[in-house]
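> Input structure: query_13.cif, which contains mmCIF, C-alpha atoms.
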data_data
#
loop_
_atom_site.group_PDB
_atom_site.id
_atom_site.type_symbol
_atom_site.label_atom_id
_atom_site.label_comp_id
_atom_site.auth_asym_id
_atom_site.auth_seq_id
_atom_site.Cartn_x
_atom_site.Cartn_y
_atom_site.Cartn_z
ATOM 1 C CA MET A 199 -13.342 12.760 -4.036
ATOM 2 C CA GLY A 200 -11.358 12.053 -0.867
ATOM 3 C CA THR A 201 -9.596 14.358 1.528
ATOM 4 C CA LYS A 202 -6.073 15.158 0.402
ATOM 5 C CA ASN A 203 -3.098 14.182 2.552
ATOM 6 C CA ASN A 204 -4.856 11.669 4.739
ATOM 7 C CA ASN A 205 -2.043 10.795 7.165
ATOM 8 C CA ALA A 206 -3.816 7.699 8.500
ATOM 9 C CA LEU A 207 -4.208 6.364 4.974
ATOM 10 C CA PHE A 208 -0.597 7.213 4.166
ATOM 11 C CA TYR A 209 0.597 5.279 7.206
ATOM 12 C CA THR A 210 -1.685 2.305 6.492
ATOM 13 C CA CYS A 211 -0.471 2.010 2.887
ATOM 14 C CA SER A 212 3.177 2.455 3.891
ATOM 15 C CA LEU A 213 2.854 -0.293 6.514
ATOM 16 C CA ILE A 214 1.303 -2.645 3.933
ATOM 17 C CA GLU A 215 4.220 -1.830 1.613
ATOM 18 C CA TYR A 216 6.788 -2.359 4.365
ATOM 19 C CA ILE A 217 5.301 -5.729 5.376
ATOM 20 C CA GLY A 218 5.088 -6.804 1.724
ATOM 21 C CA ARG A 219 8.787 -6.122 1.193
ATOM 22 C CA ARG A 220 9.798 -7.733 4.445
ATOM 23 C CA MET A 221 7.741 -10.900 3.911
ATOM 24 C CA LYS A 222 8.184 -11.071 0.120
ATOM 25 C CA ARG A 223 4.447 -10.960 -0.453
ATOM 26 C CA THR A 224 2.428 -9.112 -3.059
ATOM 27 C CA ARG A 225 0.614 -6.205 -1.467
ATOM 28 C CA CYS A 226 -2.652 -7.967 -2.290
ATOM 29 C CA GLU A 227 -1.475 -11.006 -0.298
ATOM 30 C CA VAL A 228 -0.568 -8.754 2.638
ATOM 31 C CA THR A 229 -4.091 -7.306 2.697
ATOM 32 C CA ASP A 230 -5.545 -10.819 2.501
ATOM 33 C CA TYR A 231 -3.492 -11.891 5.523
ATOM 34 C CA MET A 232 -4.463 -8.718 7.381
ATOM 35 C CA GLY A 233 -8.154 -8.783 6.550
ATOM 36 C CA LYS A 234 -10.429 -5.744 6.481
ATOM 37 C CA ASN A 235 -10.850 -5.502 10.264
ATOM 38 C CA ARG A 236 -7.113 -5.283 10.941
ATOM 39 C CA ILE A 237 -6.659 -2.792 8.128
ATOM 40 C CA LYS A 238 -9.472 -0.726 9.629
ATOM 41 C CA ARG A 239 -7.768 -0.901 13.035
ATOM 42 C CA ILE A 240 -4.450 0.270 11.569
ATOM 43 C CA TYR A 241 -6.243 3.089 9.775
ATOM 44 C CA GLU A 242 -8.209 4.189 12.846
ATOM 45 C CA TYR A 243 -5.205 4.046 15.193
ATOM 46 C CA ALA A 244 -2.506 5.106 12.724
ATOM 47 C CA ASP A 245 -1.520 8.063 14.908
ATOM 48 C CA VAL A 246 -0.801 5.641 17.782
ATOM 49 C CA PHE A 247 0.992 3.043 15.633
ATOM 50 C CA HIS A 248 3.017 5.819 14.015
ATOM 51 C CA CYS A 249 4.623 6.564 17.403
ATOM 52 C CA GLU A 250 6.378 3.186 17.299
ATOM 53 C CA PRO A 251 9.099 2.218 14.815
ATOM 54 C CA ILE A 252 7.431 0.782 11.708
ATOM 55 C CA GLU A 253 9.578 -2.376 12.087
ATOM 56 C CA LYS A 254 8.009 -3.081 15.491
ATOM 57 C CA THR A 255 4.447 -2.498 14.287
ATOM 58 C CA ALA A 256 5.110 -4.663 11.222
ATOM 59 C CA ASP A 257 6.478 -7.453 13.445
ATOM 60 C CA GLU A 258 3.349 -7.384 15.585
ATOM 61 C CA PHE A 259 1.031 -7.718 12.596
ATOM 62 C CA ILE A 260 3.189 -10.348 10.899
ATOM 63 C CA GLU A 261 3.056 -12.388 14.108
ATOM 64 C CA GLU A 262 -0.647 -11.756 14.736
ATOM 65 C CA THR A 263 -1.583 -12.918 11.216
ATOM 66 C CA ASN A 264 0.874 -15.843 11.148
ATOM 67 C CA MET A 265 2.164 -14.497 7.850
ATOM 68 C CA THR A 266 4.716 -16.731 6.175
ATOM 69 C CA GLU A 267 7.403 -15.577 3.801
ATOM 70 C CA GLY A 268 6.469 -15.666 0.138
ATOM 71 C CA SER A 269 8.586 -15.419 -3.003
ATOM 72 C CA PHE A 270 7.531 -12.027 -4.397
ATOM 73 C CA ASP A 271 10.629 -9.844 -4.268
ATOM 74 C CA ASN A 272 10.093 -6.717 -6.337
ATOM 75 C CA VAL A 273 12.918 -4.986 -4.480
ATOM 76 C CA LYS A 274 15.464 -7.607 -5.589
ATOM 77 C CA GLU A 275 14.035 -7.592 -9.129
ATOM 78 C CA CYS A 276 14.462 -3.839 -9.386
ATOM 79 C CA ARG A 277 17.257 -2.859 -11.763
ATOM 80 C CA TYR A 278 17.153 0.811 -10.778
ATOM 81 C CA THR A 279 16.883 2.810 -7.581
ATOM 82 C CA VAL A 280 14.318 1.169 -5.329
ATOM 83 C CA PRO A 281 11.645 3.630 -4.204
ATOM 84 C CA GLY A 282 11.209 3.859 -0.429
ATOM 85 C CA TYR A 283 8.228 2.198 1.234
ATOM 86 C CA TRP A 284 7.015 5.652 2.331
ATOM 87 C CA ASP A 285 7.158 6.760 -1.334
ATOM 88 C CA ILE A 286 5.092 3.803 -2.509
ATOM 89 C CA GLY A 287 2.738 4.223 0.456
ATOM 90 C CA GLU A 288 2.119 7.739 -0.808
ATOM 91 C CA VAL A 289 1.326 6.500 -4.335
ATOM 92 C CA TYR A 290 -1.364 4.179 -2.941
ATOM 93 C CA GLU A 291 -2.631 6.850 -0.534
ATOM 94 C CA ARG A 292 -3.099 9.377 -3.338
ATOM 95 C CA LEU A 293 -4.765 6.859 -5.627
ATOM 96 C CA ILE A 294 -7.216 5.792 -2.921
ATOM 97 C CA GLU A 295 -7.920 9.464 -2.076
ATOM 98 C CA ASP A 296 -8.520 10.230 -5.746
ATOM 99 C CA VAL A 297 -10.892 7.368 -6.526
ATOM 100 C CA CYS A 298 -12.721 6.673 -3.242
ATOM 101 C CA GLU A 299 -15.046 8.671 -1.061
ATOM 102 C CA ASP A 300 -13.838 9.424 2.472
ATOM 103 C CA GLU A 301 -16.402 7.252 4.225
ATOM 104 C CA LYS A 302 -15.478 4.300 1.981
ATOM 105 C CA VAL A 303 -11.718 4.416 2.556
ATOM 106 C CA ILE A 304 -11.392 0.860 3.946
ATOM 107 C CA ASP A 305 -13.304 -0.549 0.972
ATOM 108 C CA GLY A 306 -11.130 1.644 -1.238
ATOM 109 C CA ILE A 307 -7.967 0.200 0.249
ATOM 110 C CA TRP A 308 -9.319 -3.303 -0.351
ATOM 111 C CA GLU A 309 -10.368 -2.577 -3.950
ATOM 112 C CA ILE A 310 -7.119 -0.921 -4.991
ATOM 113 C CA TYR A 311 -4.873 -3.632 -3.539
ATOM 114 C CA HIS A 312 -7.040 -6.316 -5.158
ATOM 115 C CA SER A 313 -7.053 -4.686 -8.577
ATOM 116 C CA TRP A 314 -4.743 -4.900 -11.582
ATOM 117 C CA ILE A 315 -3.034 -1.648 -10.608
ATOM 118 C CA ASP A 316 -1.377 -3.245 -7.562
ATOM 119 C CA GLY A 317 0.966 -5.219 -9.830
ATOM 120 C CA GLN A 318 1.605 -2.147 -11.934
ATOM 121 C CA ILE A 319 2.615 0.034 -8.966
ATOM 122 C CA SER A 320 4.753 -2.800 -7.579
ATOM 123 C CA ASP A 321 6.793 -3.102 -10.784
ATOM 124 C CA TYR A 322 9.718 -0.826 -9.970
ATOM 125 C CA ASN A 323 11.289 -1.479 -13.389
ATOM 126 C CA THR A 324 8.675 0.752 -15.000
ATOM 127 C CA ASP A 325 8.205 4.444 -14.377
ATOM 128 C CA PHE A 326 4.513 3.994 -13.589
ATOM 129 C CA TYR A 327 4.710 4.522 -9.828
ATOM 130 C CA TYR A 328 6.198 7.994 -10.147
ATOM 131 C CA GLN A 329 3.736 9.308 -12.718
ATOM 132 C CA PRO A 330 1.472 12.216 -11.687
ATOM 133 C CA ARG A 331 -1.337 11.192 -9.351
ATOM 134 C CA ASP A 332 -4.116 12.280 -11.758
ATOM 135 C CA TYR A 333 -2.620 10.078 -14.479
ATOM 136 C CA ILE A 334 -2.451 7.035 -12.164
ATOM 137 C CA ALA A 335 -6.055 7.638 -11.041
ATOM 138 C CA GLU A 336 -7.213 7.911 -14.664
ATOM 139 C CA CYS A 337 -5.423 4.660 -15.578
ATOM 140 C CA TYR A 338 -7.154 2.965 -12.655
ATOM 141 C CA ARG A 339 -10.582 4.289 -13.707
ATOM 142 C CA LYS A 340 -10.019 3.152 -17.313
ATOM 143 C CA GLY A 341 -8.598 -0.221 -16.251
ATOM 144 C CA VAL A 342 -5.454 0.131 -18.347
ATOM 145 C CA VAL A 343 -2.149 2.018 -18.502
ATOM 146 C CA LEU A 344 -2.923 4.877 -20.869
#
Here is a file; write its structure as structure tokens.

Amino acid sequence: MGTKNNNALFYTCSLIEYIGRRMKRTRCEVTDYMGKNRIKRIYEYADVFHCEPIEKTADEFIEETNMTEGSFDNVKECRYTVPGYWDIGEVYERLIEDVCEDEKVIDGIWEIYHSWIDGQISDYNTDFYYQPRDYIAECYRKGVVL
């Protein structure tokens, strides 16, 4: 499967997570606002974007996409310790690495965020997001939490 520890993918997923929290949007909605071309741009220039504070980069994309605030607030709903956006970015990064080929990473990002598992990872009241990466990948392949 994919290359392990893809920093560009890690950054891209963490930015999507950050924007989702900030704008109270599901991560699927964030990717819809962004569109594949923007996501590809973030991925390809992640090393450049990473030099700026994530808040600034997020602001630029929120403005560029005219994203409005939604009502999805999984941080507020969380009854336990809220995982950091970098932590959740890493969960998505690993899943995409584990189930997608390197040359298909943008399609992989799109597929994962538009699949059932997006809601599962975003539910911080379960322990799903901190399960081992091979377990999460297997759940995704089977289409169900095992």
> For this file, the PyMOL selection byres ((chain A and resi 266) around 12) selects which residues, as a list in words?
Ile217, Gly218, Arg220, Met221, Lys222, Arg223, Glu227, Val228, Tyr231, Asp257, Phe259, Ile260, Glu261, Glu262, Thr263, Asn264, Met265, Glu267, Gly268, Ser269 and Phe270 of chain A
> Please evaluate the PyMOL selection byres ((chain A and resi 206) around 12) against the displayed coordinates and give the resulting residues as a VMD selection string.
chain A and resid 201 to 205 207 to 213 237 to 248 287 to 288 291 to 292 295 300 303 to 304 307
> Any chance you could tabulate, as JSON lines, the residues of region 200-272 of chain A at most 10 Å from region 312-315 of chain A with each one's nearest atom pair and distance in Å to one decimal, using all atoms listed in the file, in chain and rising number order?

{"residue": "A:Arg225", "atom": "CA", "partner": "A:His312", "partner_atom": "CA", "distance": 8.5}
{"residue": "A:Cys226", "atom": "CA", "partner": "A:His312", "partner_atom": "CA", "distance": 5.5}
{"residue": "A:Glu227", "atom": "CA", "partner": "A:His312", "partner_atom": "CA", "distance": 8.8}
{"residue": "A:Thr229", "atom": "CA", "partner": "A:His312", "partner_atom": "CA", "distance": 8.4}
{"residue": "A:Asp230", "atom": "CA", "partner": "A:His312", "partner_atom": "CA", "distance": 9.0}
> Draw an axis-aligned box over all listed atoms of region 338-341 of chain A, pad each side with 3 Å, and write its centre and edge lengths in Å, one decimal, as JSON.

{"center_x": -8.9, "center_y": 2.0, "center_z": -15.0, "size_x": 9.4, "size_y": 10.5, "size_z": 10.7}
> Would you work out the distance separating CA of Leu344 (chain A) from CA of Tyr290 (chain A), expressed in Å to one decimal?
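CA of Tyr290 (chain A) lies 18.0 Å from CA of Leu344 (chain A).
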> Pick out the closest residue to Asp325 (chain A) from this set: A:Arg339, A:Lys302, A:Arg277, A:Lys234. Count only C-alpha atoms.
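Ranking A:Arg339, A:Lys302, A:Arg277, A:Lys234 by distance to Asp325 (chain A), first place goes to A:Arg277.
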> Could you list, as a compact mmCIF listing (two decimals) with C-alpha atoms, keeping the file's coordinate frame, every residue within 12 Å of region 327-334 of chain A, counting all atoms listed in the file and ignoring same-chain residues fewer than 4 positions away?

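That gives us out-v2.txt:
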# COMPACT_ATOMS: atom_id res chain seq x y z
CA LYS A 202 -6.07 15.16 0.40
CA VAL A 280 14.32 1.17 -5.33
CA PRO A 281 11.64 3.63 -4.20
CA GLY A 282 11.21 3.86 -0.43
CA TYR A 283 8.23 2.20 1.23
CA ASP A 285 7.16 6.76 -1.33
CA ILE A 286 5.09 3.80 -2.51
CA GLY A 287 2.74 4.22 0.46
CA GLU A 288 2.12 7.74 -0.81
CA VAL A 289 1.33 6.50 -4.34
CA TYR A 290 -1.36 4.18 -2.94
CA GLU A 291 -2.63 6.85 -0.53
CA ARG A 292 -3.10 9.38 -3.34
CA LEU A 293 -4.76 6.86 -5.63
CA ILE A 294 -7.22 5.79 -2.92
CA GLU A 295 -7.92 9.46 -2.08
CA ASP A 296 -8.52 10.23 -5.75
CA VAL A 297 -10.89 7.37 -6.53
CA ILE A 310 -7.12 -0.92 -4.99
CA ILE A 315 -3.03 -1.65 -10.61
CA ASP A 316 -1.38 -3.24 -7.56
CA GLY A 317 0.97 -5.22 -9.83
CA GLN A 318 1.60 -2.15 -11.93
CA ILE A 319 2.62 0.03 -8.97
CA SER A 320 4.75 -2.80 -7.58
CA ASP A 321 6.79 -3.10 -10.78
CA TYR A 322 9.72 -0.83 -9.97
CA ASN A 323 11.29 -1.48 -13.39
CA TYR A 338 -7.15 2.96 -12.66
CA ARG A 339 -10.58 4.29 -13.71
CA LYS A 340 -10.02 3.15 -17.31
CA GLY A 341 -8.60 -0.22 -16.25
CA VAL A 342 -5.45 0.13 -18.35
CA VAL A 343 -2.15 2.02 -18.50
CA LEU A 344 -2.92 4.88 -20.87
